[in-house]
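**Q** Below are the C-alpha cells for one structure; questions will follow.
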Amino acid sequence: MKHQTLHELRTIADVNPLAQSAIMTRTQRIERWAELLERQPARCLGALIGTEHLHPKVRAETRTAGSAITVAFEDPLLRASGLQGDSYGEAKRFFKLSDGQLHDIVCSCHIGATMQASWAAARVRKTIPGSRLIAWLRNVLVH
C-alpha cells in the first residue's frame, strides 16, 4: 500500500471529511436533530397530517416540505450518517423511533398545521433515554 497525503488523495478520489464522523449512536443522532431545530427556534415547520390514521405503507412514504424531518435531512452530517430522505418512514428507521414517538413529534393533531422548531425540538428530546431526568436537572440548574 502506497502512502498518500490527503491532498494527493483528493486528486484521484472524492474525499468526504464528514465520513470520519458518520458513525453516530442513536442518542447522538437524536441530539443532533434537536440541536438543529434549536438553532432556529422560531422557524415555522409543517406538520404531517393524521399519521396515526394512515395505512403503514402510506405513513412510511408521507412527507411534508419544511417539516421537522426536513430540518434533519438538510444536515450534511446526518445525511453522511445514513439519513436518506425526509419521509416519516425514513425518520422512523434512521432515528429508531416508534410510531408513537414520531407521531408525537411531527403530527398535526398535537399542534395544528404548523409548529415552531423549538416545540419540535422539545418533543425530539423526549425520545432520548433518560431525557426526563436531564430536563429536570436542567430546570433545577437554570432556576
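In the C-alpha cells, each chain is lettered A, B, ... as it comes, each chain's residues begin at 1, and ligands are numbered from 1 in order of appearance.
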DSSP on the backbone, then: every residue of region 13-143 of chain A marked strand (DSSP E or B), written as a ChimeraX atom specification.

**A** /A:44-46,48,67,107,114-116

**Q** Those residues with C-alpha atoms, as a PDB file, in the first residue's frame please?

**A**
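This is the output file out-v8.pdb:
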```
ATOM      1  CA  CYS A  44     -42.173  27.596  11.206  1.00  0.00           C
ATOM      2  CA  LEU A  45     -42.343  23.890  10.359  1.00  0.00           C
ATOM      3  CA  GLY A  46     -45.015  21.955   8.526  1.00  0.00           C
ATOM      4  CA  LEU A  48     -47.736  15.802   8.861  1.00  0.00           C
ATOM      5  CA  SER A  67     -41.168  19.584   8.379  1.00  0.00           C
ATOM      6  CA  CYS A 107     -48.271  15.008  13.610  1.00  0.00           C
ATOM      7  CA  THR A 114     -47.556  24.294  11.637  1.00  0.00           C
ATOM      8  CA  MET A 115     -45.279  24.320  14.657  1.00  0.00           C
ATOM      9  CA  GLN A 116     -42.264  26.210  15.874  1.00  0.00           C
TER      10      GLN A 116
END
```

**Q** Which residues are close to Ile105 (chain A), i.e. within 8 Å by only C-alpha atoms, leaving aside same-chain residues fewer than 4 positions away? Reply as a PDB file with all heavy atoms, in the first residue's frame.

**A**
```
ATOM      1  N   ALA A  68     -40.167  19.028  10.508  1.00  0.00           N
ATOM      2  CA  ALA A  68     -39.058  18.777  11.436  1.00  0.00           C
ATOM      3  C   ALA A  68     -38.113  17.734  10.855  1.00  0.00           C
ATOM      4  O   ALA A  68     -36.899  17.802  11.054  1.00  0.00           O
ATOM      5  CB  ALA A  68     -39.599  18.323  12.791  1.00  0.00           C
ATOM      6  N   GLN A 101     -43.687   7.627  19.123  1.00  0.00           N
ATOM      7  CA  GLN A 101     -42.703   8.693  19.341  1.00  0.00           C
ATOM      8  C   GLN A 101     -42.673   9.670  18.167  1.00  0.00           C
ATOM      9  O   GLN A 101     -42.695  10.891  18.368  1.00  0.00           O
ATOM     10  CB  GLN A 101     -41.309   8.093  19.547  1.00  0.00           C
ATOM     11  CG  GLN A 101     -41.128   7.385  20.861  1.00  0.00           C
ATOM     12  CD  GLN A 101     -39.801   6.651  20.928  1.00  0.00           C
ATOM     13  OE1 GLN A 101     -39.406   5.960  19.992  1.00  0.00           O
ATOM     14  NE2 GLN A 101     -39.114   6.814  22.045  1.00  0.00           N
ATOM     15  N   ALA A 120     -40.898  21.376  18.384  1.00  0.00           N
ATOM     16  CA  ALA A 120     -40.485  20.080  17.837  1.00  0.00           C
ATOM     17  C   ALA A 120     -39.217  19.590  18.532  1.00  0.00           C
ATOM     18  O   ALA A 120     -39.090  18.400  18.830  1.00  0.00           O
ATOM     19  CB  ALA A 120     -40.273  20.187  16.334  1.00  0.00           C
ATOM     20  N   ARG A 123     -39.975  17.930  21.746  1.00  0.00           N
ATOM     21  CA  ARG A 123     -40.558  16.603  21.507  1.00  0.00           C
ATOM     22  C   ARG A 123     -39.481  15.599  21.097  1.00  0.00           C
ATOM     23  O   ARG A 123     -39.509  14.447  21.505  1.00  0.00           O
ATOM     24  CB  ARG A 123     -41.634  16.678  20.426  1.00  0.00           C
ATOM     25  CG  ARG A 123     -42.840  17.520  20.788  1.00  0.00           C
ATOM     26  CD  ARG A 123     -43.633  16.850  21.901  1.00  0.00           C
ATOM     27  NE  ARG A 123     -44.790  17.629  22.261  1.00  0.00           N
ATOM     28  CZ  ARG A 123     -46.015  17.147  22.366  1.00  0.00           C
ATOM     29  NH1 ARG A 123     -46.250  15.883  22.165  1.00  0.00           N
ATOM     30  NH2 ARG A 123     -47.004  17.933  22.714  1.00  0.00           N
ATOM     31  N   VAL A 124     -38.537  16.047  20.270  1.00  0.00           N
ATOM     32  CA  VAL A 124     -37.437  15.178  19.859  1.00  0.00           C
ATOM     33  C   VAL A 124     -36.623  14.773  21.083  1.00  0.00           C
ATOM     34  O   VAL A 124     -36.297  13.603  21.276  1.00  0.00           O
ATOM     35  CB  VAL A 124     -36.539  15.865  18.794  1.00  0.00           C
ATOM     36  CG1 VAL A 124     -35.236  15.108  18.584  1.00  0.00           C
ATOM     37  CG2 VAL A 124     -37.293  16.026  17.475  1.00  0.00           C
TER      38      VAL A 124
END
```

**Q** Rank A:Pro129, A:Tyr88, A:Gln40, A:Thr64 by their smallest atom-to-atom distance to His103 (chain A), using only C-alpha atoms, and report the top residue only.

**A**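 Looking at the shortest contact to His103 (chain A), the residue is A:Tyr88.
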
**Q** Residues near Arg59 (chain A), anyone? I mean within 10 Å using only C-alpha atoms, not counting same-chain ones fewer than 4 positions away, as a PyMOL selection string.

**A** chain A and resi 48-55+63+87-89+99

**Q** May I ask which of the residues A:Val58, A:Val140, A:Ile30, A:Leu37 is the closest one to Val71 (chain A), counting only C-alpha atoms?

**A**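 Looking at the shortest contact to Val71 (chain A), the residue is A:Leu37.
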
**Q** Please indicate the distance in Å from CA of Ser81 (chain A) to CA of Thr62 (chain A), rounded to one decimal place.

**A**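 Computing the Euclidean distance for CA of Ser81 (chain A) and CA of Thr62 (chain A) yields 21.6 Å.
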
**Q** I'd like the neighbourhood of Phe94 (chain A) as a PyMOL selection string, where a residue qualifies if any of its atoms comes within 12 Å (using only C-alpha atoms), though same-chain residues fewer than 4 positions away should be ignored.

**A** chain A and resi 24-30+33+69+72-73+78-90+98+102

**Q** From a DSSP pass on the backbone, collect the residues of region 98-138 of chain A flagged as alpha helix (DSSP H) and hand them back as a VMD selection string.

**A** chain A and resid 99 to 106 117 to 125 131 to 138
